[in-house]
Amino acid sequence: MLDLEPVRKNHGYFADADPDPVLMVPDDRLDRLRMIGTEGPVHVVPDDPSIATFTTEHRNGEVAPYLVVEGERHGHTGVWVHRGRNRFRLLVAVYARQTIHVTFHFVTDKHGTPRTPPAQMDDEIDTLNEIYGANANVHFRWHNTRHPHIDFDFSQRIDDAAQDKMWDLLREKAGVGNEMRHHWNVFVVRRFDAADTDDFNAWGENRFGKNLCLVDDSGLASPTPVLAHECGHFFTLRHTQTAGDVMKQGTQKGERLHWDQVVRLRRFLNGVGA
Ligand SMILES: [Zn+2]
């Protein structure tokens with residue numbers, strides 16, 4: 001049986017995507033998959049070479065050839081790869097690079113100043129890039145750091161009206177603009193435990209489709225990718241139930257994005273739907 005294997009683990013390759021395996025190809029570089037499990041002459045039949053072109057490559061000392069994919073223009077297409085008597089169907093998405101500029105606001109409120117060291121944000125940006133860069137060609141840059149004082153108690157268990165007021169206060173600090181889908185404001189507070197019901201995430205919150213995130217010290221101390229989860233809500237993603245998923249709530253979240261989530265967040269960033 002013919003199989004394709006990503007050269008870099010999880011680099012945009014969704015082996016279990018529905019209905020077919022899918023490869024995300026950044027439009028500014030090549031992607032490669034190794035052909036394993038069968039022998040014989042290789043024949044590649046692309047659906048639409050104006051979106052992506054395919055060549056094969058043999059490397060010195062390696063038996064298995066590589067399928068080399070080059071994006072030509074933004075879009076989705078597919079390819080049949082034949083080798084000997086076997087064949088393999090692959091979907092390909094060619095995506096342009098998108099950049100999200102992140103401003104971190106370290107908020108002093110009634111509980112004081114957050115303990116999270118600002119230098120930790122380098123690691124947070126790295127994690128965001130490992131998840132969204134590899135899978136969706138969406139990259140994050142640390143754009144700005146601010147230290148506002150906000151006269152508010154973010155840890156109070158507050159009702160809906162008070163929550164709205166809280167988000168209004170943050171919106172005032174973040175501002176509004178035409179680039180709101182490419183600028184993300186992360187507010188770090190000492191304690192935010194207003195969100196202690198199933199409707200919310202325990203350590204932070206990002207309202208659906210809004211470029212505002214609120215997270216506290218305990219969230220940023222968690223070994224799970226809390227900011228990537230909250231960023232998923234900015235990108236209009238909803239919760240999933242499988243351990244290891246970015247959008248799983250609680251301590252079982254991981255780095256796994258599903259292909260339909262990648263498609264959805266790319267549509268959001270391109271201003272399609274919301
Ligand atoms: Zn959530």
# chains A, B, ... in the order shown; residues from 1 in each chain; ligands from 1
$ select_by_dssp --residues "stretch 41-261 of chain A" --states "strand (DSSP E or B)" --output "MDAnalysis selection string"
chainID A and resid 42:46 52:57 66:71 75:83 86:95 98:106 108:109 112 138:146 149 183:189 204:206 212:216 240 245 248 256
$ residues_around --residues "A:Leu30" --least-positions-apart "3" --cutoff "8 Å" --atoms "only C-alpha atoms" --output "number ranges by chain"
A: 25-27, 68-71
$ residues_near_ligand --ligand "ligand 1" --cutoff "8 Å" --atoms "only C-alpha atoms and all ligand atoms" --output "ChimeraX atom specification"
/A:200-201,204-206,229-230,232-233,238-239,247-249
$ residues_around --residues "A:Pro49" --least-positions-apart "2" --cutoff "12 Å" --atoms "only C-alpha atoms" --output "ChimeraX atom specification"
/A:44-47,51-55,69-79,92,94
$ residues_around --residues "A:Phe14" --least-positions-apart "6" --cutoff "7 Å" --atoms "only C-alpha atoms" --output "number ranges by chain"
A: 21-23, 259
$ closest_residue --among "A:Val189, A:His182, A:Gln156, A:Leu169" --to "A:Asp109" --atoms "only C-alpha atoms"
A:Val189
$ residues_around --residues "A:Phe187" --least-positions-apart "6" --cutoff "10 Å" --atoms "only C-alpha atoms" --output "VMD selection string"
chain A and resid 103 to 107 146 to 148 170 173 to 174 204 to 205 212 to 216
$ atom_distance --atom1 "atom CA of A:Val246" --atom2 "atom CA of A:Tyr13"
16.2 Å
$ closest_residue --among "A:Thr236, A:Asn86, A:Ser155, A:Thr242" --to "A:Glu39" --atoms "only C-alpha atoms"
A:Asn86
$ closest_residue --among "A:Leu220, A:Arg171, A:Arg190, A:Trp80" --to "A:Met121" --atoms "only C-alpha atoms"
A:Leu220
$ closest_residue --among "A:His43, A:His139, A:Arg191, A:Arg256" --to "A:Thr116" --atoms "only C-alpha atoms"
A:Arg191
$ residues_around --residues "A:Ile36" --least-positions-apart "5" --cutoff "10 Å" --atoms "only C-alpha atoms" --output "list in words"
Met1, Leu2, Asp3, Leu4, Glu5, Val63, Ala64, Pro65, Tyr66 and Arg83 of chain A
$ write_last_selection --atoms "N, CA and C atoms" --output "mmCIF file, in the first residue's frame"
data_model
loop_
_atom_site.group_PDB
_atom_site.id
_atom_site.type_symbol
_atom_site.label_atom_id
_atom_site.label_comp_id
_atom_site.auth_asym_id
_atom_site.auth_seq_id
_atom_site.Cartn_x
_atom_site.Cartn_y
_atom_site.Cartn_z
ATOM 1 N N MET A 1 0.828 -1.202 0.000
ATOM 2 C CA MET A 1 0.000 0.000 0.000
ATOM 3 C C MET A 1 0.870 1.263 0.000
ATOM 4 N N LEU A 2 0.446 2.218 -0.790
ATOM 5 C CA LEU A 2 1.185 3.483 -0.872
ATOM 6 C C LEU A 2 0.760 4.414 0.266
ATOM 7 N N ASP A 3 1.747 5.008 0.882
ATOM 8 C CA ASP A 3 1.450 5.951 1.958
ATOM 9 C C ASP A 3 2.350 7.175 1.781
ATOM 10 N N LEU A 4 1.894 8.303 2.284
ATOM 11 C CA LEU A 4 2.710 9.513 2.248
ATOM 12 C C LEU A 4 3.009 9.933 3.680
ATOM 13 N N GLU A 5 4.241 10.370 3.873
ATOM 14 C CA GLU A 5 4.683 10.672 5.235
ATOM 15 C C GLU A 5 5.298 12.070 5.236
ATOM 16 N N VAL A 63 15.825 5.226 -0.357
ATOM 17 C CA VAL A 63 15.054 4.400 -1.288
ATOM 18 C C VAL A 63 13.751 5.086 -1.679
ATOM 19 N N ALA A 64 13.067 5.621 -0.690
ATOM 20 C CA ALA A 64 11.749 6.213 -0.955
ATOM 21 C C ALA A 64 11.896 7.573 -1.630
ATOM 22 N N PRO A 65 11.167 7.776 -2.701
ATOM 23 C CA PRO A 65 11.190 9.106 -3.332
ATOM 24 C C PRO A 65 10.297 10.092 -2.570
ATOM 25 N N TYR A 66 10.457 11.353 -2.905
ATOM 26 C CA TYR A 66 9.650 12.401 -2.281
ATOM 27 C C TYR A 66 8.686 13.001 -3.300
ATOM 28 N N ARG A 83 1.768 4.828 -7.725
ATOM 29 C CA ARG A 83 3.082 4.191 -7.717
ATOM 30 C C ARG A 83 2.874 2.689 -7.856
#
$ atom_distance --atom1 "atom CA of A:Asn135" --atom2 "atom CA of A:Leu227"
16.3 Å
$ residues_around --residues "A:Gly271" --least-positions-apart "2" --cutoff "12 Å" --atoms "only C-alpha atoms" --output "VMD selection string"
chain A and resid 178 to 182 209 235 to 236 264 to 269 273 to 274
$ write_last_selection --atoms "all heavy atoms" --output "compact mmCIF listing (two decimals), in the first residue's frame"
# COMPACT_ATOMS: atom_id res chain seq x y z
N ASN A 178 -9.23 49.14 11.39
CA ASN A 178 -9.57 48.32 10.23
C ASN A 178 -8.86 46.98 10.22
O ASN A 178 -9.22 46.10 9.46
CB ASN A 178 -9.23 49.08 8.93
CG ASN A 178 -10.12 50.28 8.75
OD1 ASN A 178 -11.28 50.26 9.16
ND2 ASN A 178 -9.58 51.33 8.14
N GLU A 179 -7.81 46.89 11.03
CA GLU A 179 -6.98 45.68 10.99
C GLU A 179 -7.31 44.74 12.15
O GLU A 179 -6.46 43.98 12.61
CB GLU A 179 -5.50 46.07 11.05
CG GLU A 179 -5.01 46.70 9.77
CD GLU A 179 -5.04 45.69 8.62
OE1 GLU A 179 -4.44 44.62 8.76
OE2 GLU A 179 -5.69 45.98 7.61
N MET A 180 -8.53 44.77 12.60
CA MET A 180 -8.86 44.04 13.83
C MET A 180 -8.76 42.53 13.71
O MET A 180 -8.70 41.84 14.72
CB MET A 180 -10.23 44.46 14.34
CG MET A 180 -10.18 45.85 14.94
SD MET A 180 -11.77 46.51 15.41
CE MET A 180 -12.21 45.40 16.72
N ARG A 181 -8.76 42.00 12.51
CA ARG A 181 -8.58 40.54 12.38
C ARG A 181 -7.10 40.15 12.36
O ARG A 181 -6.78 38.97 12.32
CB ARG A 181 -9.27 40.03 11.12
CG ARG A 181 -10.78 40.16 11.23
CD ARG A 181 -11.53 39.53 10.10
NE ARG A 181 -12.93 39.95 10.21
CZ ARG A 181 -13.97 39.26 9.76
NH1 ARG A 181 -13.79 38.12 9.13
NH2 ARG A 181 -15.19 39.70 9.89
N HIS A 182 -6.22 41.14 12.35
CA HIS A 182 -4.79 40.83 12.34
C HIS A 182 -4.03 41.46 13.50
O HIS A 182 -2.80 41.47 13.51
CB HIS A 182 -4.18 41.23 11.00
CG HIS A 182 -4.68 40.36 9.87
ND1 HIS A 182 -5.85 40.62 9.20
CD2 HIS A 182 -4.18 39.22 9.36
CE1 HIS A 182 -6.05 39.67 8.30
NE2 HIS A 182 -5.06 38.81 8.37
N GLY A 209 -14.78 35.63 17.96
CA GLY A 209 -14.54 36.55 16.85
C GLY A 209 -14.00 37.92 17.23
O GLY A 209 -13.83 38.77 16.36
N PHE A 235 -10.47 33.44 16.47
CA PHE A 235 -10.65 32.97 15.09
C PHE A 235 -12.01 32.29 14.86
O PHE A 235 -12.20 31.60 13.87
CB PHE A 235 -9.55 31.96 14.74
CG PHE A 235 -8.16 32.55 14.65
CD1 PHE A 235 -7.06 31.72 14.84
CD2 PHE A 235 -7.94 33.88 14.35
CE1 PHE A 235 -5.77 32.22 14.74
CE2 PHE A 235 -6.65 34.39 14.24
CZ PHE A 235 -5.56 33.56 14.45
N THR A 236 -12.92 32.43 15.82
CA THR A 236 -14.30 31.91 15.76
C THR A 236 -14.39 30.38 15.89
O THR A 236 -15.40 29.78 15.53
CB THR A 236 -15.10 32.35 14.49
OG1 THR A 236 -14.64 31.62 13.36
CG2 THR A 236 -15.00 33.84 14.25
N ARG A 264 -11.81 27.15 8.59
CA ARG A 264 -12.65 28.18 9.19
C ARG A 264 -11.84 29.42 9.59
O ARG A 264 -12.23 30.55 9.33
CB ARG A 264 -13.37 27.60 10.41
CG ARG A 264 -14.31 28.61 11.04
CD ARG A 264 -15.09 28.04 12.20
NE ARG A 264 -15.93 29.10 12.73
CZ ARG A 264 -17.20 29.32 12.35
NH1 ARG A 264 -17.75 28.53 11.45
NH2 ARG A 264 -17.89 30.31 12.84
N LEU A 265 -10.69 29.19 10.22
CA LEU A 265 -9.93 30.35 10.68
C LEU A 265 -9.32 31.13 9.50
O LEU A 265 -9.21 32.35 9.55
CB LEU A 265 -8.88 29.95 11.72
CG LEU A 265 -7.62 29.22 11.32
CD1 LEU A 265 -6.47 30.18 11.01
CD2 LEU A 265 -7.18 28.29 12.46
N ARG A 266 -8.98 30.41 8.43
CA ARG A 266 -8.48 31.12 7.24
C ARG A 266 -9.59 31.97 6.61
O ARG A 266 -9.34 33.09 6.15
CB ARG A 266 -7.95 30.11 6.21
CG ARG A 266 -6.68 29.39 6.60
CD ARG A 266 -5.44 30.24 6.58
NE ARG A 266 -5.25 31.03 5.40
CZ ARG A 266 -4.09 31.59 5.04
NH1 ARG A 266 -2.99 31.41 5.78
NH2 ARG A 266 -3.99 32.33 3.97
N ARG A 267 -10.81 31.44 6.61
CA ARG A 267 -11.94 32.21 6.09
C ARG A 267 -12.17 33.44 6.96
O ARG A 267 -12.42 34.54 6.45
CB ARG A 267 -13.21 31.35 6.05
CG ARG A 267 -13.19 30.31 4.95
CD ARG A 267 -14.36 29.35 5.08
NE ARG A 267 -15.65 30.02 5.01
CZ ARG A 267 -16.29 30.31 3.87
NH1 ARG A 267 -15.76 29.98 2.70
NH2 ARG A 267 -17.46 30.92 3.88
N PHE A 268 -12.08 33.27 8.27
CA PHE A 268 -12.24 34.41 9.18
C PHE A 268 -11.20 35.49 8.89
O PHE A 268 -11.52 36.68 8.76
CB PHE A 268 -12.13 33.93 10.63
CG PHE A 268 -12.10 35.05 11.63
CD1 PHE A 268 -13.25 35.76 11.94
CD2 PHE A 268 -10.91 35.43 12.24
CE1 PHE A 268 -13.23 36.82 12.85
CE2 PHE A 268 -10.87 36.48 13.14
CZ PHE A 268 -12.03 37.17 13.45
N LEU A 269 -9.93 35.07 8.76
CA LEU A 269 -8.86 36.05 8.55
C LEU A 269 -8.98 36.74 7.19
O LEU A 269 -8.54 37.86 7.00
CB LEU A 269 -7.49 35.39 8.69
CG LEU A 269 -7.14 35.00 10.14
CD1 LEU A 269 -5.84 34.21 10.18
CD2 LEU A 269 -7.04 36.24 11.02
N GLY A 273 -17.36 35.59 6.08
CA GLY A 273 -18.18 35.13 7.20
C GLY A 273 -17.62 35.63 8.52
O GLY A 273 -16.82 36.56 8.56
N ALA A 274 -18.06 35.07 9.62
CA ALA A 274 -17.50 35.42 10.93
C ALA A 274 -18.26 34.75 12.04
O ALA A 274 -19.34 34.32 11.92
CB ALA A 274 -17.52 36.92 11.18
$ select_by_dssp --residues "stretch 50-196 of chain A" --states "helix (DSSP H, G or I)" --output "PyMOL selection string"
chain A and resi 118-136+160-174
$ closest_residue --among "A:Gln261, A:Thr127, A:Thr251, A:Thr145" --to "A:Asn185" --atoms "only C-alpha atoms"
A:Thr145
$ atom_distance --atom1 "atom CA of A:Ala134" --atom2 "atom CA of A:His11"
5.0 Å
$ decode --residues "stretch 57-127 of chain A" --atoms "C-alpha atoms" --output "mmCIF file, in the first residue's frame"
data_model
loop_
_atom_site.group_PDB
_atom_site.id
_atom_site.type_symbol
_atom_site.label_atom_id
_atom_site.label_comp_id
_atom_site.auth_asym_id
_atom_site.auth_seq_id
_atom_site.Cartn_x
_atom_site.Cartn_y
_atom_site.Cartn_z
ATOM 1 C CA GLU A 57 12.640 13.831 -6.109
ATOM 2 C CA HIS A 58 15.112 11.109 -5.204
ATOM 3 C CA ARG A 59 17.635 11.844 -2.513
ATOM 4 C CA ASN A 60 21.028 10.220 -2.332
ATOM 5 C CA GLY A 61 21.040 7.098 -0.229
ATOM 6 C CA GLU A 62 17.278 7.017 0.287
ATOM 7 C CA VAL A 63 15.054 4.400 -1.288
ATOM 8 C CA ALA A 64 11.749 6.213 -0.955
ATOM 9 C CA PRO A 65 11.190 9.106 -3.332
ATOM 10 C CA TYR A 66 9.650 12.401 -2.281
ATOM 11 C CA LEU A 67 6.601 14.146 -3.610
ATOM 12 C CA VAL A 68 7.500 17.838 -3.850
ATOM 13 C CA VAL A 69 4.543 20.227 -3.782
ATOM 14 C CA GLU A 70 4.801 23.828 -4.875
ATOM 15 C CA GLY A 71 1.964 26.270 -4.373
ATOM 16 C CA GLU A 72 1.166 28.456 -7.378
ATOM 17 C CA ARG A 73 -1.807 30.387 -6.099
ATOM 18 C CA HIS A 74 -4.160 30.519 -3.147
ATOM 19 C CA GLY A 75 -6.784 27.780 -3.217
ATOM 20 C CA HIS A 76 -7.741 24.163 -2.616
ATOM 21 C CA THR A 77 -7.009 21.342 -5.035
ATOM 22 C CA GLY A 78 -6.180 17.650 -5.106
ATOM 23 C CA VAL A 79 -3.814 15.129 -6.626
ATOM 24 C CA TRP A 80 -3.656 11.412 -7.344
ATOM 25 C CA VAL A 81 -0.260 9.846 -6.743
ATOM 26 C CA HIS A 82 0.210 6.485 -8.468
ATOM 27 C CA ARG A 83 3.082 4.191 -7.717
ATOM 28 C CA GLY A 84 3.181 0.730 -9.225
ATOM 29 C CA ARG A 85 -0.266 -0.732 -8.697
ATOM 30 C CA ASN A 86 -1.155 1.496 -5.780
ATOM 31 C CA ARG A 87 -2.437 5.004 -5.606
ATOM 32 C CA PHE A 88 -3.013 7.699 -3.022
ATOM 33 C CA ARG A 89 -5.376 10.656 -2.981
ATOM 34 C CA LEU A 90 -4.184 13.901 -1.370
ATOM 35 C CA LEU A 91 -5.948 17.220 -0.946
ATOM 36 C CA VAL A 92 -3.768 20.317 -1.047
ATOM 37 C CA ALA A 93 -4.478 23.792 0.302
ATOM 38 C CA VAL A 94 -2.194 26.610 -0.792
ATOM 39 C CA TYR A 95 -2.246 29.459 1.701
ATOM 40 C CA ALA A 96 -0.516 32.823 1.720
ATOM 41 C CA ARG A 97 1.254 33.826 4.887
ATOM 42 C CA GLN A 98 -0.885 35.790 7.326
ATOM 43 C CA THR A 99 0.577 37.681 10.263
ATOM 44 C CA ILE A 100 -1.129 38.403 13.578
ATOM 45 C CA HIS A 101 0.395 41.280 15.543
ATOM 46 C CA VAL A 102 0.059 40.682 19.263
ATOM 47 C CA THR A 103 -0.050 43.401 21.911
ATOM 48 C CA PHE A 104 0.380 42.212 25.492
ATOM 49 C CA HIS A 105 -1.265 44.385 28.147
ATOM 50 C CA PHE A 106 0.013 43.647 31.657
ATOM 51 C CA VAL A 107 -2.846 45.066 33.681
ATOM 52 C CA THR A 108 -2.533 46.405 37.196
ATOM 53 C CA ASP A 109 -5.955 46.108 38.838
ATOM 54 C CA LYS A 110 -7.267 45.819 42.377
ATOM 55 C CA HIS A 111 -5.248 42.633 42.883
ATOM 56 C CA GLY A 112 -2.015 44.269 41.803
ATOM 57 C CA THR A 113 0.345 43.570 38.941
ATOM 58 C CA PRO A 114 0.584 40.154 37.224
ATOM 59 C CA ARG A 115 3.487 37.929 38.241
ATOM 60 C CA THR A 116 3.981 36.400 34.803
ATOM 61 C CA PRO A 117 7.340 37.639 33.513
ATOM 62 C CA PRO A 118 6.920 39.521 30.224
ATOM 63 C CA ALA A 119 9.853 37.521 28.809
ATOM 64 C CA GLN A 120 7.604 34.418 28.910
ATOM 65 C CA MET A 121 5.719 35.923 25.979
ATOM 66 C CA ASP A 122 8.536 34.813 23.670
ATOM 67 C CA ASP A 123 7.628 31.213 24.498
ATOM 68 C CA GLU A 124 3.937 31.960 24.126
ATOM 69 C CA ILE A 125 4.545 33.367 20.643
ATOM 70 C CA ASP A 126 6.611 30.265 19.776
ATOM 71 C CA THR A 127 3.753 27.975 20.810
#
